[in-house]
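J.: Structure file final28.csv (CSV, C-alpha atoms) right here:
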```
chain,number,residue,atom,x,y,z
A,23,MET,CA,0.0,0.0,0.0
A,24,SER,CA,1.5,3.3,-1.0
A,25,VAL,CA,0.9,6.4,1.1
A,26,THR,CA,0.8,9.8,-0.5
A,27,PRO,CA,2.4,12.4,1.7
A,28,LEU,CA,0.2,15.3,2.7
A,29,PRO,CA,1.3,18.8,1.8
A,30,SER,CA,2.7,20.9,4.6
A,31,ALA,CA,0.6,23.7,6.0
A,32,PRO,CA,1.4,27.3,5.1
A,33,ARG,CA,3.3,28.9,7.9
A,34,SER,CA,2.4,32.6,7.1
A,35,THR,CA,0.4,33.1,10.3
A,36,GLY,CA,2.5,30.7,12.4
A,37,HIS,CA,-0.4,28.3,12.8
A,38,PRO,CA,0.3,24.8,11.3
A,39,PHE,CA,-3.2,24.5,9.9
A,40,ALA,CA,-3.5,28.1,8.4
A,41,GLY,CA,-5.0,27.9,4.9
A,42,VAL,CA,-5.2,24.1,5.0
A,43,ASP,CA,-8.0,22.5,2.9
A,44,VAL,CA,-9.8,20.4,5.5
A,45,LEU,CA,-11.1,17.6,3.3
A,46,ALA,CA,-7.8,17.3,1.4
A,47,ALA,CA,-5.8,17.1,4.6
A,48,ALA,CA,-8.1,14.3,5.7
A,49,GLY,CA,-7.6,12.5,2.4
A,50,LEU,CA,-11.3,12.8,1.6
A,51,GLU,CA,-12.7,13.2,-1.9
A,52,VAL,CA,-14.8,16.2,-2.9
A,53,ARG,CA,-17.2,16.3,-5.9
A,54,PRO,CA,-15.8,18.5,-8.7
A,55,GLY,CA,-16.9,22.1,-8.2
A,56,ALA,CA,-18.2,21.5,-4.7
A,57,PRO,CA,-17.0,23.6,-1.7
A,58,SER,CA,-14.2,22.3,0.4
A,59,PRO,CA,-13.7,24.1,3.7
A,60,VAL,CA,-10.5,25.8,4.7
A,61,PHE,CA,-9.3,25.5,8.3
A,62,ASP,CA,-9.6,29.2,9.1
A,63,GLN,CA,-13.3,29.4,8.1
A,64,GLU,CA,-15.8,29.7,10.9
A,65,VAL,CA,-18.2,27.3,9.1
A,66,TRP,CA,-17.1,24.2,7.3
A,67,ASP,CA,-19.3,23.1,4.5
A,68,LEU,CA,-18.8,19.3,3.9
A,69,SER,CA,-21.8,19.0,1.4
A,70,GLY,CA,-19.4,18.1,-1.4
A,71,LEU,CA,-18.0,15.1,0.4
A,72,VAL,CA,-18.0,12.1,-1.9
A,73,GLY,CA,-19.2,8.8,-0.4
A,74,ALA,CA,-20.9,10.4,2.6
A,75,PRO,CA,-23.5,7.9,4.0
A,76,VAL,CA,-27.2,8.7,3.8
A,77,THR,CA,-27.3,8.9,7.5
A,78,MET,CA,-25.1,12.0,7.3
A,79,GLY,CA,-28.0,14.4,6.5
A,80,ALA,CA,-27.5,17.8,5.0
A,81,HIS,CA,-27.5,19.5,8.4
A,82,ARG,CA,-24.7,17.3,9.7
A,83,LYS,CA,-22.5,18.4,6.8
A,84,ILE,CA,-22.4,22.0,8.0
A,85,LEU,CA,-20.1,22.5,10.9
A,86,ASP,CA,-20.8,25.9,12.4
A,87,PHE,CA,-18.1,26.8,14.9
A,88,THR,CA,-19.8,30.2,15.6
A,89,ARG,CA,-22.0,28.3,18.0
A,90,ILE,CA,-19.0,28.5,20.4
A,91,VAL,CA,-19.2,31.8,22.1
A,92,ASN,CA,-15.4,32.6,22.5
A,93,HIS,CA,-13.4,32.9,19.2
A,94,ARG,CA,-10.3,31.4,20.9
A,95,TRP,CA,-12.2,28.2,21.9
A,96,ARG,CA,-13.6,28.1,18.3
A,97,SER,CA,-10.0,27.8,17.0
A,98,VAL,CA,-9.2,25.1,19.5
A,99,ALA,CA,-12.3,23.2,18.3
A,100,ARG,CA,-11.3,23.5,14.7
A,101,GLU,CA,-7.7,22.3,15.6
A,102,TYR,CA,-9.0,19.3,17.5
A,103,LEU,CA,-11.4,18.2,14.7
A,104,LEU,CA,-8.9,18.6,12.0
A,105,ALA,CA,-6.2,16.8,14.0
A,106,ARG,CA,-8.7,13.9,14.5
A,107,MET,CA,-9.6,13.9,10.8
A,108,ALA,CA,-6.0,14.1,9.6
A,109,PRO,CA,-3.7,12.3,12.1
A,110,ARG,CA,-1.0,12.0,9.4
A,111,HIS,CA,-0.7,15.8,8.9
A,112,PRO,CA,2.8,16.9,9.8
A,113,ALA,CA,1.6,19.0,12.7
A,114,VAL,CA,-0.2,16.0,14.3
A,115,ALA,CA,1.8,13.0,13.3
A,116,THR,CA,4.8,14.0,15.6
A,117,LEU,CA,2.6,14.5,18.7
A,118,PRO,CA,3.2,11.6,21.1
A,119,GLY,CA,-0.3,11.5,22.5
A,120,ALA,CA,-2.2,12.2,19.3
A,121,PHE,CA,-4.9,9.8,18.0
A,122,ARG,CA,-3.6,7.7,15.2
A,123,ALA,CA,-6.9,6.5,13.6
A,124,PRO,CA,-8.7,9.1,11.5
A,125,PHE,CA,-12.1,10.4,12.7
A,126,ASN,CA,-15.0,9.4,10.6
A,127,PRO,CA,-16.7,12.4,9.0
A,128,THR,CA,-20.1,11.2,10.2
A,129,SER,CA,-19.0,11.8,13.8
A,130,LEU,CA,-18.0,15.5,13.3
A,131,TRP,CA,-21.3,17.2,13.8
A,132,GLY,CA,-22.0,15.4,17.1
A,133,GLU,CA,-18.4,16.0,18.3
A,134,LEU,CA,-18.8,19.7,17.5
A,135,ASN,CA,-21.9,19.7,19.7
A,136,HIS,CA,-20.0,18.3,22.6
A,137,LEU,CA,-17.1,20.7,22.1
A,138,ALA,CA,-19.4,23.7,21.9
A,139,ARG,CA,-21.0,22.7,25.2
A,140,TRP,CA,-17.6,22.1,26.9
A,141,PHE,CA,-15.9,25.2,25.6
A,142,ASP,CA,-18.9,27.4,26.4
A,143,HIS,CA,-18.7,26.0,29.9
A,144,LEU,CA,-15.1,27.0,30.1
A,145,HIS,CA,-15.8,30.4,28.7
A,146,HIS,CA,-18.5,31.1,31.3
A,147,ALA,CA,-16.1,29.9,34.0
A,148,GLY,CA,-13.7,32.6,32.8
A,149,LEU,CA,-11.0,30.2,31.4
A,150,VAL,CA,-8.9,31.2,28.4
A,151,SER,CA,-6.5,28.3,28.2
A,152,LEU,CA,-6.8,24.5,28.6
A,153,ALA,CA,-3.9,24.7,31.0
A,154,GLU,CA,-6.3,26.4,33.4
A,155,VAL,CA,-8.8,23.5,33.5
A,156,GLY,CA,-8.9,21.9,36.9
A,157,GLN,CA,-10.9,19.1,38.4
A,158,GLU,CA,-13.5,21.6,39.7
A,159,HIS,CA,-14.3,22.6,36.1
A,160,CYS,CA,-14.7,19.0,35.1
A,161,ASP,CA,-16.9,18.3,38.1
A,162,THR,CA,-19.2,21.3,37.4
A,163,TYR,CA,-19.4,20.4,33.8
A,164,LEU,CA,-20.4,16.9,34.6
A,165,GLU,CA,-23.1,18.2,37.0
A,166,GLU,CA,-24.3,20.5,34.2
A,167,VAL,CA,-24.7,17.8,31.6
A,168,SER,CA,-26.2,15.3,34.0
A,169,TRP,CA,-29.6,17.0,33.7
A,170,THR,CA,-32.1,17.0,30.8
A,171,THR,CA,-32.4,20.2,28.9
A,172,THR,CA,-35.9,19.7,27.6
A,173,GLY,CA,-39.2,18.7,29.3
A,174,THR,CA,-39.3,17.9,33.0
A,175,ARG,CA,-35.9,18.4,34.6
A,176,ARG,CA,-34.5,15.0,35.6
A,177,ARG,CA,-31.0,13.5,36.1
A,178,MET,CA,-29.9,11.4,33.2
A,179,ARG,CA,-28.5,7.9,33.6
A,180,PRO,CA,-24.7,7.6,33.7
A,181,GLY,CA,-24.5,5.7,30.4
A,182,VAL,CA,-26.2,8.7,28.7
A,183,VAL,CA,-24.0,11.3,30.4
A,184,ALA,CA,-20.9,9.4,29.4
A,185,ALA,CA,-21.4,10.5,25.8
A,186,PHE,CA,-20.8,14.1,26.9
```
Any chance you could put this one into structure tokens?
T.:
Amino acid sequence: MSVTPLPSAPRSTGHPFAGVDVLAAAGLEVRPGAPSPVFDQEVWDLSGLVGAPVTMGAHRKILDFTRIVNHRWRSVAREYLLARMAPRHPAVATLPGAFRAPFNPTSLWGELNHLARWFDHLHHAGLVSLAEVGQEHCDTYLEEVSWTTTGTRRRMRPGVVAAF
């Protein structure tokens, strides 16, 4: 099996993913003439993805990072999702603790939902860096997501909460 090396990211802004075509970096095919999101965009349109399963409805192909209140946390969310999609990218491959299996595109929308909730929790707690996250932030987040958000307020079962 031959592996085509991925192009290095432009370094003009100092960010390893600046200007990177998201789907190309992940090795995913795009229909000719269809949009392909660039890392720096606040909304990633994956509607041109070739071979997307039927279960990945149109709304799941639009990743809107503006749902995350703080623009810095938006950038972290984009970095995380691209790193999970493209573990062979030069900026990811050398990280000792990085995930090695590529993230399935069908999981991106749900993962963004989880990230938005977590990063908004950190923003409202006044945090501006992951280095500031302590056990107390994790505990308060767990308490927050342990309750239903619609209908009668009730505590969810641990198996349901584990997905958050």
J.: Using all atoms listed in the file, find each residue of stretch 23-104 of chain A with at least one atom at most 9 Å away from an atom of stretch 126-137 of chain A; report its shortest atom-to-atom pair and that distance in Å (one decimal), sort the rows by chain and rising residue number, and return the result as JSON lines.
T.:
```
{"residue": "A:Leu68", "atom": "CA", "partner": "A:Pro127", "partner_atom": "CA", "distance": 8.8}
{"residue": "A:Ala74", "atom": "CA", "partner": "A:Thr128", "partner_atom": "CA", "distance": 7.7}
{"residue": "A:Pro75", "atom": "CA", "partner": "A:Thr128", "partner_atom": "CA", "distance": 7.8}
{"residue": "A:Thr77", "atom": "CA", "partner": "A:Thr128", "partner_atom": "CA", "distance": 8.0}
{"residue": "A:Met78", "atom": "CA", "partner": "A:Thr128", "partner_atom": "CA", "distance": 5.8}
{"residue": "A:His81", "atom": "CA", "partner": "A:Trp131", "partner_atom": "CA", "distance": 8.5}
{"residue": "A:Arg82", "atom": "CA", "partner": "A:Trp131", "partner_atom": "CA", "distance": 5.3}
{"residue": "A:Lys83", "atom": "CA", "partner": "A:Trp131", "partner_atom": "CA", "distance": 7.2}
{"residue": "A:Ile84", "atom": "CA", "partner": "A:Trp131", "partner_atom": "CA", "distance": 7.6}
{"residue": "A:Leu85", "atom": "CA", "partner": "A:Trp131", "partner_atom": "CA", "distance": 6.2}
{"residue": "A:Asp86", "atom": "CA", "partner": "A:Leu134", "partner_atom": "CA", "distance": 8.3}
{"residue": "A:Phe87", "atom": "CA", "partner": "A:Leu134", "partner_atom": "CA", "distance": 7.6}
{"residue": "A:Arg89", "atom": "CA", "partner": "A:Asn135", "partner_atom": "CA", "distance": 8.8}
{"residue": "A:Ile90", "atom": "CA", "partner": "A:Leu137", "partner_atom": "CA", "distance": 8.2}
{"residue": "A:Trp95", "atom": "CA", "partner": "A:Leu137", "partner_atom": "CA", "distance": 9.0}
{"residue": "A:Ala99", "atom": "CA", "partner": "A:Leu137", "partner_atom": "CA", "distance": 6.6}
{"residue": "A:Arg100", "atom": "CA", "partner": "A:Leu134", "partner_atom": "CA", "distance": 8.9}
{"residue": "A:Leu103", "atom": "CA", "partner": "A:Leu130", "partner_atom": "CA", "distance": 7.3}
```
J.: Excluding A:Ser69 and its own-chain neighbours fewer than 2 positions away, which residues fall within 8 Å of it when counting all atoms listed in the file? Please give them as a ChimeraX atom specification.
T.: /A:56-57,67,71,80,83-84
J.: Skipping near chain neighbours, those fewer than 2 positions away, what residues fall within 12 Å of stretch 143-155 of chain A using all atoms listed in the file, listed as an MDAnalysis selection string?
T.: chainID A and resid 90:99 136:141 157:167
J.: Considering all atoms listed in the file, can you say which of A:Pro180, A:Gly70, A:Gly173, A:Phe39 comes closest to A:Ala105?
T.: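 With all atoms listed in the file as the atom set, the closest residue is A:Phe39.
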J.: Find the distance between atom CA of A:Val72 and atom CA of A:Asp43 and write it in Å to one decimal.
T.: 15.2 Å
J.: Could you jot down the atom CA of A:Phe125 to atom CA of A:Glu64 separation for me, Å, one decimal place?
T.: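 Atom CA of A:Glu64 lies 19.7 Å from atom CA of A:Phe125.
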J.: To one decimal place in Å, what is the distance between atom CA of A:Leu45 and atom CA of A:Val76?
T.: 18.4 Å
J.: So that I can check the surroundings of A:Leu104, please list as a JSON list (two decimals) with C-alpha atoms, in the frame of the given file every protein, DNA and RNA residue that reaches within 8 Å of it, counting all atoms listed in the file and ignoring chain neighbours fewer than 5 positions away.
T.:
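See result_9.json below for the written result:
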```json
[["chain", "number", "residue", "atom", "x", "y", "z"],
["A", 44, "VAL", "CA", -9.80, 20.40, 5.50],
["A", 48, "ALA", "CA", -8.10, 14.30, 5.70],
["A", 61, "PHE", "CA", -9.30, 25.50, 8.30]]
```
J.: Using all atoms listed in the file, which residue out of A:Gly73, A:Pro59, A:Gly181, A:Pro124 lies closest to A:Val42?
T.: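 So, comparing all the options, the nearest one is A:Pro59.
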J.: Can you complete the atoms of stretch 152-163 of chain A to all heavy atoms and list them as an mmCIF file, in the frame of the given file?
T.:
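For reference, result.cif as written:
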```cif
data_model
loop_
_atom_site.group_PDB
_atom_site.id
_atom_site.type_symbol
_atom_site.label_atom_id
_atom_site.label_comp_id
_atom_site.auth_asym_id
_atom_site.auth_seq_id
_atom_site.Cartn_x
_atom_site.Cartn_y
_atom_site.Cartn_z
ATOM 1 N N LEU A 152 -6.550 25.851 28.041
ATOM 2 C CA LEU A 152 -6.800 24.500 28.600
ATOM 3 C C LEU A 152 -5.880 24.210 29.759
ATOM 4 O O LEU A 152 -6.221 23.389 30.604
ATOM 5 C CB LEU A 152 -6.504 23.469 27.453
ATOM 6 C CG LEU A 152 -7.542 23.431 26.329
ATOM 7 C CD1 LEU A 152 -7.096 22.468 25.234
ATOM 8 C CD2 LEU A 152 -8.905 23.027 26.862
ATOM 9 N N ALA A 153 -4.761 24.913 29.873
ATOM 10 C CA ALA A 153 -3.900 24.700 31.000
ATOM 11 C C ALA A 153 -4.547 25.153 32.324
ATOM 12 O O ALA A 153 -4.128 24.720 33.401
ATOM 13 C CB ALA A 153 -2.581 25.525 30.814
ATOM 14 N N GLU A 154 -5.574 25.974 32.238
ATOM 15 C CA GLU A 154 -6.300 26.400 33.400
ATOM 16 C C GLU A 154 -7.352 25.471 33.913
ATOM 17 O O GLU A 154 -7.884 25.639 35.014
ATOM 18 C CB GLU A 154 -6.969 27.786 33.136
ATOM 19 C CG GLU A 154 -6.029 28.914 32.817
ATOM 20 C CD GLU A 154 -6.792 30.172 32.453
ATOM 21 O OE1 GLU A 154 -7.376 30.206 31.346
ATOM 22 O OE2 GLU A 154 -6.812 31.099 33.283
ATOM 23 N N VAL A 155 -7.683 24.478 33.123
ATOM 24 C CA VAL A 155 -8.800 23.500 33.500
ATOM 25 C C VAL A 155 -8.325 22.696 34.665
ATOM 26 O O VAL A 155 -7.262 22.083 34.651
ATOM 27 C CB VAL A 155 -9.136 22.637 32.287
ATOM 28 C CG1 VAL A 155 -10.183 21.604 32.707
ATOM 29 C CG2 VAL A 155 -9.647 23.468 31.122
ATOM 30 N N GLY A 156 -9.160 22.702 35.693
ATOM 31 C CA GLY A 156 -8.900 21.900 36.900
ATOM 32 C C GLY A 156 -10.043 20.924 37.119
ATOM 33 O O GLY A 156 -11.068 20.952 36.422
ATOM 34 N N GLN A 157 -9.876 20.085 38.113
ATOM 35 C CA GLN A 157 -10.900 19.100 38.400
ATOM 36 C C GLN A 157 -12.240 19.740 38.726
ATOM 37 O O GLN A 157 -13.283 19.213 38.358
ATOM 38 C CB GLN A 157 -10.448 18.218 39.613
ATOM 39 C CG GLN A 157 -11.393 17.066 39.896
ATOM 40 C CD GLN A 157 -11.505 16.106 38.724
ATOM 41 O OE1 GLN A 157 -10.504 15.698 38.161
ATOM 42 N NE2 GLN A 157 -12.732 15.744 38.349
ATOM 43 N N GLU A 158 -12.218 20.906 39.368
ATOM 44 C CA GLU A 158 -13.500 21.600 39.700
ATOM 45 C C GLU A 158 -14.264 21.959 38.449
ATOM 46 O O GLU A 158 -15.500 21.914 38.444
ATOM 47 C CB GLU A 158 -13.232 22.821 40.581
ATOM 48 C CG GLU A 158 -12.476 23.961 39.918
ATOM 49 C CD GLU A 158 -10.956 23.839 39.920
ATOM 50 O OE1 GLU A 158 -10.414 22.776 40.241
ATOM 51 O OE2 GLU A 158 -10.298 24.840 39.586
ATOM 52 N N HIS A 159 -13.576 22.288 37.353
ATOM 53 C CA HIS A 159 -14.300 22.600 36.100
ATOM 54 C C HIS A 159 -14.890 21.378 35.491
ATOM 55 O O HIS A 159 -16.011 21.423 34.982
ATOM 56 C CB HIS A 159 -13.288 23.268 35.111
ATOM 57 C CG HIS A 159 -12.632 24.480 35.672
ATOM 58 N ND1 HIS A 159 -11.319 24.494 36.051
ATOM 59 C CD2 HIS A 159 -13.116 25.716 35.955
ATOM 60 C CE1 HIS A 159 -11.013 25.683 36.528
ATOM 61 N NE2 HIS A 159 -12.084 26.437 36.492
ATOM 62 N N CYS A 160 -14.177 20.279 35.579
ATOM 63 C CA CYS A 160 -14.700 19.000 35.100
ATOM 64 C C CYS A 160 -15.918 18.576 35.890
ATOM 65 O O CYS A 160 -16.925 18.124 35.339
ATOM 66 C CB CYS A 160 -13.635 17.928 35.105
ATOM 67 S SG CYS A 160 -12.210 18.302 34.055
ATOM 68 N N ASP A 161 -15.836 18.732 37.219
ATOM 69 C CA ASP A 161 -16.900 18.300 38.100
ATOM 70 C C ASP A 161 -18.191 19.184 37.839
ATOM 71 O O ASP A 161 -19.306 18.647 37.774
ATOM 72 C CB ASP A 161 -16.532 18.459 39.566
ATOM 73 C CG ASP A 161 -15.485 17.436 39.962
ATOM 74 O OD1 ASP A 161 -15.297 16.435 39.233
ATOM 75 O OD2 ASP A 161 -14.821 17.647 41.002
ATOM 76 N N THR A 162 -18.014 20.495 37.685
ATOM 77 C CA THR A 162 -19.200 21.300 37.400
ATOM 78 C C THR A 162 -19.779 21.080 36.065
ATOM 79 O O THR A 162 -20.998 21.121 35.888
ATOM 80 C CB THR A 162 -18.865 22.852 37.610
ATOM 81 O OG1 THR A 162 -17.801 23.206 36.728
ATOM 82 C CG2 THR A 162 -18.524 23.192 39.040
ATOM 83 N N TYR A 163 -18.928 20.771 35.094
ATOM 84 C CA TYR A 163 -19.400 20.400 33.800
ATOM 85 C C TYR A 163 -20.220 19.124 33.810
ATOM 86 O O TYR A 163 -21.317 19.028 33.244
ATOM 87 C CB TYR A 163 -18.281 20.312 32.763
ATOM 88 C CG TYR A 163 -18.751 19.927 31.381
ATOM 89 C CD1 TYR A 163 -19.444 20.841 30.586
ATOM 90 C CD2 TYR A 163 -18.518 18.653 30.868
ATOM 91 C CE1 TYR A 163 -19.882 20.498 29.318
ATOM 92 C CE2 TYR A 163 -18.951 18.309 29.598
ATOM 93 C CZ TYR A 163 -19.630 19.231 28.831
ATOM 94 O OH TYR A 163 -20.070 18.882 27.583
#
```
